[in-house]
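Presented below is the structure to which this report refers.
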Amino acid sequence: MSGIDSEPEDPWWRRAVVYQIYPLSFADSDGDGVGDLPGITSRLDHLERLGVDVIWLSPVYPSPRDDNGYDISDYRGIDPLFGTPGDFDALLAEVHRRGMRLIMDLVVNHTSDEHPWFVASRDGGPDGPMRDWYWWRPPRPGMEPGTPGAEPNNWGSFFSGPAWTLDPRSGEYHLHLFSPRQPDLNWENPEVRRAIHGMMRWWLDRGVDGFRMDVINLISKNPELPDGHVPPGARYGDRDPHCVCGPRIHEFLADMHREVFAGHPERLLLVGEMPGVTVEEARLFTDPARREVDMVFQFEHVGLDCGPAGKFDVRPLRLTDLKASFARWQHGLAEVGWNSLYFCNHDQPRVVSRYGDDSPEHRVRSATMLATLLHLHRGTPYIYQGEELGMTNAPFAGIGDFRDIESLNHHRQEVAAGEPPERVMAALRARSRDNARTPMQWDASPGAGFTTGTPWMPVNPNHREINAAAQTADPDSVFHHYRRLIELRHTEPAVTHGDFHLLFPDSEEVYAFTRRYAAGGTELLVLVNFTGREVEVHLPEGWAGTEEVLSNVPDRGPLGSRPTLAPREARVHRRRVGRAG
């Protein structure tokens, strides 16, 4: 059992590890090529053996799947694509029986345009009773609806193109920060808030253990919806000052906590995905006294290799930038608040391909090095399905291989604007969300053990070498390194409670830090060689000869005062220190 006992002063989730499942690509039980809930249930042994404590389930609600389920048409249902409500209940019961918890994806910044709320809002016209459940606006004064530039403001969508779509019947536009088929809910309307609170209580009463809240810091917008500043070379105005951490966001989250969470036991985990959030804002969101959320997903560290034009403007990562970013968040949330620790999820490419070396010769050590670096920081680690195997980006041959709406829209927009198609494709291969969405690699069979049919998206050809069956049988695999990392978090208090001190901040080769927990009498040293060559390190005094706790390179011998780290080596050492008080 992987459950963790709770203590009032030490919330259980601080010592937990969360595993994200993308249901479409995890396990298919009926051979239709699409992952489903019974498939997930059939693979829980894998997660129990890994040692994780929480499963985060990406959306399984009914959806027309314009954005692969993040466009929800019924908040209280289960999409038949994934199974039945009974299948969900069976999964939840099995998760709980194994001592794990399950949190749902909560997507309430927007719905699908097929949700009954939006259908009523649109079809009722400007005077309809549900019109202001969404953001509707007429065209700019003096302009005809549908003409270029007539949109109510100059905001762009996160998924390319304008953030407004015209309804020809009424002559008004609806706001969508994402796809045109994902209209934004108007949280200024108290009826919207009450409906969402009721839906959330319904899921908690059913037994789920919390929520990961999709782009939750976008729900409060400046009601005037003003134009944004247009940076040089940009197509659209900067919407972020008017919709990121908007004027009522703290009020809305405090209301949600009071109306939904306050009446439930302290079993819950509440995670807010917050693009554009700063350390100072995150400190407020995660301050336990404010009762908003337990932790946030921030995006700073996964934007360090992006140029001014955004995620598809690919730049090399500088290690000093990564260290500075992590250190800023570690120190910023040290006294109040809490960090989420992640490299991968359904929106990010595979980290071993992005920040490591995914060649057959170096993939295993790169994957274990990156895992060690991430998991030994202060915060709650998140593992995305397949990350524990060192799964890599996929070899997309052409635009026809992609499924993701963001990638397809970006390709269409950039090629139309005159960008060379191969340059656009190179960026998609590196950064497309589809890299995370290829099927889970369970074994070396033609369908990778994911399906006996034709998968909805082709499996990565390297599943013949990279798969769970091979790795569970190999004690030196990426999988077993993750198991050891999780066990260390569960058994060594310094991982949860220790302070954070960055070493060698100016080095572009070595990422090293200590985690000192004086009350527990323990200090950990984490040494990571981020390069593909040997590097000598001059250690602080007192670490030579200390106990090795974890390593991704076998038989390295005792730690000297000036050790030479092998390429992509990661070492964790422990020493005893005087107890405080």
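To be explicit about the labels: the chains of the structure tokens are called A, B, and onward in the order shown, and within each one the residues are counted from 1, while ligands get numbers from 1 in the order they are shown.
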**Item:** Which of stretch 59-148 of chain A fall in helix (DSSP H, G or I), as a list in words
**Value:** Pro85, Gly86, Asp87, Phe88, Asp89, Ala90, Leu91, Leu92, Ala93, Glu94, Val95, His96, Arg97, Pro116, Trp117, Phe118, Val119, Ala120, Ser121, Arg122, Asp123, Arg131, Asp132 and Trp133 of chain A
What does the file look like for those residues with N, CA, C and O atoms, as an mmCIF file, in the first residue's frame?
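Output file result-v4.cif is given in full below:
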```
data_model
loop_
_atom_site.group_PDB
_atom_site.id
_atom_site.type_symbol
_atom_site.label_atom_id
_atom_site.label_comp_id
_atom_site.auth_asym_id
_atom_site.auth_seq_id
_atom_site.Cartn_x
_atom_site.Cartn_y
_atom_site.Cartn_z
ATOM 1 N N PRO A 85 -20.491 5.222 -16.210
ATOM 2 C CA PRO A 85 -20.339 5.671 -14.822
ATOM 3 C C PRO A 85 -19.975 4.527 -13.871
ATOM 4 O O PRO A 85 -19.213 4.729 -12.925
ATOM 5 N N GLY A 86 -20.470 3.354 -14.151
ATOM 6 C CA GLY A 86 -20.096 2.199 -13.335
ATOM 7 C C GLY A 86 -18.620 1.866 -13.462
ATOM 8 O O GLY A 86 -17.987 1.458 -12.475
ATOM 9 N N ASP A 87 -18.077 2.015 -14.660
ATOM 10 C CA ASP A 87 -16.635 1.795 -14.844
ATOM 11 C C ASP A 87 -15.827 2.805 -14.031
ATOM 12 O O ASP A 87 -14.780 2.463 -13.461
ATOM 13 N N PHE A 88 -16.312 4.057 -13.987
ATOM 14 C CA PHE A 88 -15.608 5.054 -13.179
ATOM 15 C C PHE A 88 -15.659 4.674 -11.703
ATOM 16 O O PHE A 88 -14.639 4.756 -11.000
ATOM 17 N N ASP A 89 -16.822 4.274 -11.233
ATOM 18 C CA ASP A 89 -16.949 3.894 -9.813
ATOM 19 C C ASP A 89 -16.041 2.715 -9.482
ATOM 20 O O ASP A 89 -15.444 2.658 -8.395
ATOM 21 N N ALA A 90 -15.940 1.766 -10.406
ATOM 22 C CA ALA A 90 -15.070 0.611 -10.171
ATOM 23 C C ALA A 90 -13.604 1.044 -10.102
ATOM 24 O O ALA A 90 -12.840 0.559 -9.256
ATOM 25 N N LEU A 91 -13.206 1.951 -10.981
ATOM 26 C CA LEU A 91 -11.835 2.475 -10.937
ATOM 27 C C LEU A 91 -11.581 3.176 -9.614
ATOM 28 O O LEU A 91 -10.548 2.936 -8.965
ATOM 29 N N LEU A 92 -12.483 4.045 -9.207
ATOM 30 C CA LEU A 92 -12.299 4.792 -7.967
ATOM 31 C C LEU A 92 -12.194 3.845 -6.777
ATOM 32 O O LEU A 92 -11.338 4.026 -5.892
ATOM 33 N N ALA A 93 -13.033 2.816 -6.756
ATOM 34 C CA ALA A 93 -12.985 1.857 -5.652
ATOM 35 C C ALA A 93 -11.657 1.116 -5.611
ATOM 36 O O ALA A 93 -11.087 0.887 -4.536
ATOM 37 N N GLU A 94 -11.132 0.731 -6.786
ATOM 38 C CA GLU A 94 -9.852 0.025 -6.829
ATOM 39 C C GLU A 94 -8.697 0.921 -6.417
ATOM 40 O O GLU A 94 -7.754 0.490 -5.745
ATOM 41 N N VAL A 95 -8.745 2.181 -6.826
ATOM 42 C CA VAL A 95 -7.710 3.134 -6.415
ATOM 43 C C VAL A 95 -7.698 3.254 -4.895
ATOM 44 O O VAL A 95 -6.642 3.178 -4.245
ATOM 45 N N HIS A 96 -8.874 3.421 -4.306
ATOM 46 C CA HIS A 96 -8.955 3.571 -2.855
ATOM 47 C C HIS A 96 -8.556 2.285 -2.129
ATOM 48 O O HIS A 96 -7.922 2.329 -1.072
ATOM 49 N N ARG A 97 -8.909 1.151 -2.699
ATOM 50 C CA ARG A 97 -8.563 -0.120 -2.054
ATOM 51 C C ARG A 97 -7.052 -0.299 -1.957
ATOM 52 O O ARG A 97 -6.544 -0.913 -1.007
ATOM 53 N N PRO A 116 -24.990 22.328 -22.902
ATOM 54 C CA PRO A 116 -26.330 22.944 -22.888
ATOM 55 C C PRO A 116 -26.335 24.393 -22.414
ATOM 56 O O PRO A 116 -27.171 25.188 -22.865
ATOM 57 N N TRP A 117 -25.415 24.751 -21.529
ATOM 58 C CA TRP A 117 -25.355 26.145 -21.082
ATOM 59 C C TRP A 117 -25.049 27.075 -22.260
ATOM 60 O O TRP A 117 -25.677 28.129 -22.408
ATOM 61 N N PHE A 118 -24.072 26.698 -23.083
ATOM 62 C CA PHE A 118 -23.713 27.574 -24.198
ATOM 63 C C PHE A 118 -24.783 27.542 -25.274
ATOM 64 O O PHE A 118 -25.082 28.584 -25.892
ATOM 65 N N VAL A 119 -25.354 26.383 -25.530
ATOM 66 C CA VAL A 119 -26.420 26.311 -26.540
ATOM 67 C C VAL A 119 -27.548 27.265 -26.169
ATOM 68 O O VAL A 119 -28.051 28.032 -27.009
ATOM 69 N N ALA A 120 -27.938 27.263 -24.882
ATOM 70 C CA ALA A 120 -29.005 28.172 -24.436
ATOM 71 C C ALA A 120 -28.550 29.621 -24.503
ATOM 72 O O ALA A 120 -29.331 30.518 -24.863
ATOM 73 N N SER A 121 -27.287 29.876 -24.169
ATOM 74 C CA SER A 121 -26.763 31.235 -24.209
ATOM 75 C C SER A 121 -26.743 31.781 -25.631
ATOM 76 O O SER A 121 -27.082 32.954 -25.871
ATOM 77 N N ARG A 122 -26.375 30.946 -26.569
ATOM 78 C CA ARG A 122 -26.306 31.375 -27.976
ATOM 79 C C ARG A 122 -27.695 31.486 -28.591
ATOM 80 O O ARG A 122 -28.051 32.499 -29.200
ATOM 81 N N ASP A 123 -28.509 30.422 -28.420
ATOM 82 C CA ASP A 123 -29.784 30.356 -29.123
ATOM 83 C C ASP A 123 -30.820 31.297 -28.537
ATOM 84 O O ASP A 123 -31.789 31.677 -29.222
ATOM 85 N N ARG A 131 -27.774 34.459 -21.563
ATOM 86 C CA ARG A 131 -26.801 35.110 -22.430
ATOM 87 C C ARG A 131 -25.520 35.452 -21.673
ATOM 88 O O ARG A 131 -24.408 35.247 -22.174
ATOM 89 N N ASP A 132 -25.673 35.970 -20.450
ATOM 90 C CA ASP A 132 -24.464 36.417 -19.742
ATOM 91 C C ASP A 132 -23.813 35.302 -18.925
ATOM 92 O O ASP A 132 -23.017 35.573 -18.035
ATOM 93 N N TRP A 133 -24.099 34.044 -19.251
ATOM 94 C CA TRP A 133 -23.300 32.951 -18.712
ATOM 95 C C TRP A 133 -21.941 32.883 -19.441
ATOM 96 O O TRP A 133 -21.021 32.244 -18.971
#
```
**Request:** Give me the residues within 10 Å of A:Gly498 as a list of chain:residue names, counting only C-alpha atoms and dropping any in the same chain fewer than 2 places off.
**Result:** A:Ala334, A:Leu376, A:His377, A:Arg378, A:Glu492, A:Pro493, A:Ala494, A:Val495, A:Thr496, A:Phe500, A:His501, A:Thr514, A:Arg515, A:Arg516, A:Tyr517, A:Ala518, A:Ala519, A:Gly520, A:Thr522, A:Glu523, A:Leu524
**Item:** Counting only C-alpha atoms, the residue of A:Glu292, A:Asp214, A:Asp209, A:Glu569 that sits nearest A:Asp105
**Value:**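 Distance minimum relative to A:Asp105 lands on A:Asp214.
Here atom CA of A:Asp474 stands at a distance of 17.0 Å from atom CA of A:Asp45.
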**Item:** Atom-to-atom span, atom CA of A:Ala570 and atom CA of A:Val302, Å
**Value:**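 Between atom CA of A:Ala570 and atom CA of A:Val302 the gap works out to 21.1 Å.
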**Prompt:** Neighbours of A:Ala444 within 12 Å (only C-alpha atoms; same-chain residues fewer than 6 positions away dropped), as a list of chain:residue names?
**Reply:**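 Once the adjacent positions are removed, what remains is A:Phe450, A:Thr451, A:Val459, A:Asn460, A:Pro461, A:Asn462, A:His463, A:Arg464, A:Glu465, A:Ile466, A:Asn467, A:Ala468, A:Ala469, A:Ala470, A:Gln471.
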**Request:** Show which residues sit within 7 Å of stretch 554-565 of chain A, as an NGL selection string. Count only C-alpha atoms, and ignore same-chain residues fewer than 3 positions away.
**Result:** :A and (529 or 534-539 or 543-546 or 551 or 569)
**Request:** Please give the complete set of residues from stretch 251-425 of chain A that DSSP, run on the backbone, assigns to strand (DSSP E or B), formatted as a PyMOL selection string.
**Result:** chain A and resi 269-273+295-297+306-307+310-314+339-341+380-384
**Asked** Pick from A:Gly532, A:Gly99, A:Pro381, A:Pro540: nearest to A:Leu485, with only C-alpha atoms counted?
**Response**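 The shortest atom-to-atom distance to A:Leu485 comes from A:Pro381.
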Return as JSON lines the residues of stretch 77-161 of chain A lying at most 10 Å from stretch 23-30 of chain A, together with the closest atom-to-atom pair for each and the distance in Å to one decimal, counting only C-alpha atoms, with rows in chain order and ascending residue number.
```
{"residue": "A:Leu81", "atom": "CA", "partner": "A:Leu24", "partner_atom": "CA", "distance": 8.8}
{"residue": "A:Phe82", "atom": "CA", "partner": "A:Pro23", "partner_atom": "CA", "distance": 7.7}
{"residue": "A:Gly83", "atom": "CA", "partner": "A:Ser29", "partner_atom": "CA", "distance": 9.9}
```
**Message:** So that I can check the surroundings of A:Pro395, please list as a PyMOL selection string every protein, DNA and RNA residue that reaches within 12 Å of it, counting only C-alpha atoms and ignoring chain neighbours fewer than 4 positions away.
**Reply:** chain A and resi 353+358+399+401-402+425-426+428-430+432+434-435+438+458-462
**Interatomic distance, atom CA of A:Glu388 to atom CA of A:Phe479 (Å, one decimal)** = 5.1 Å
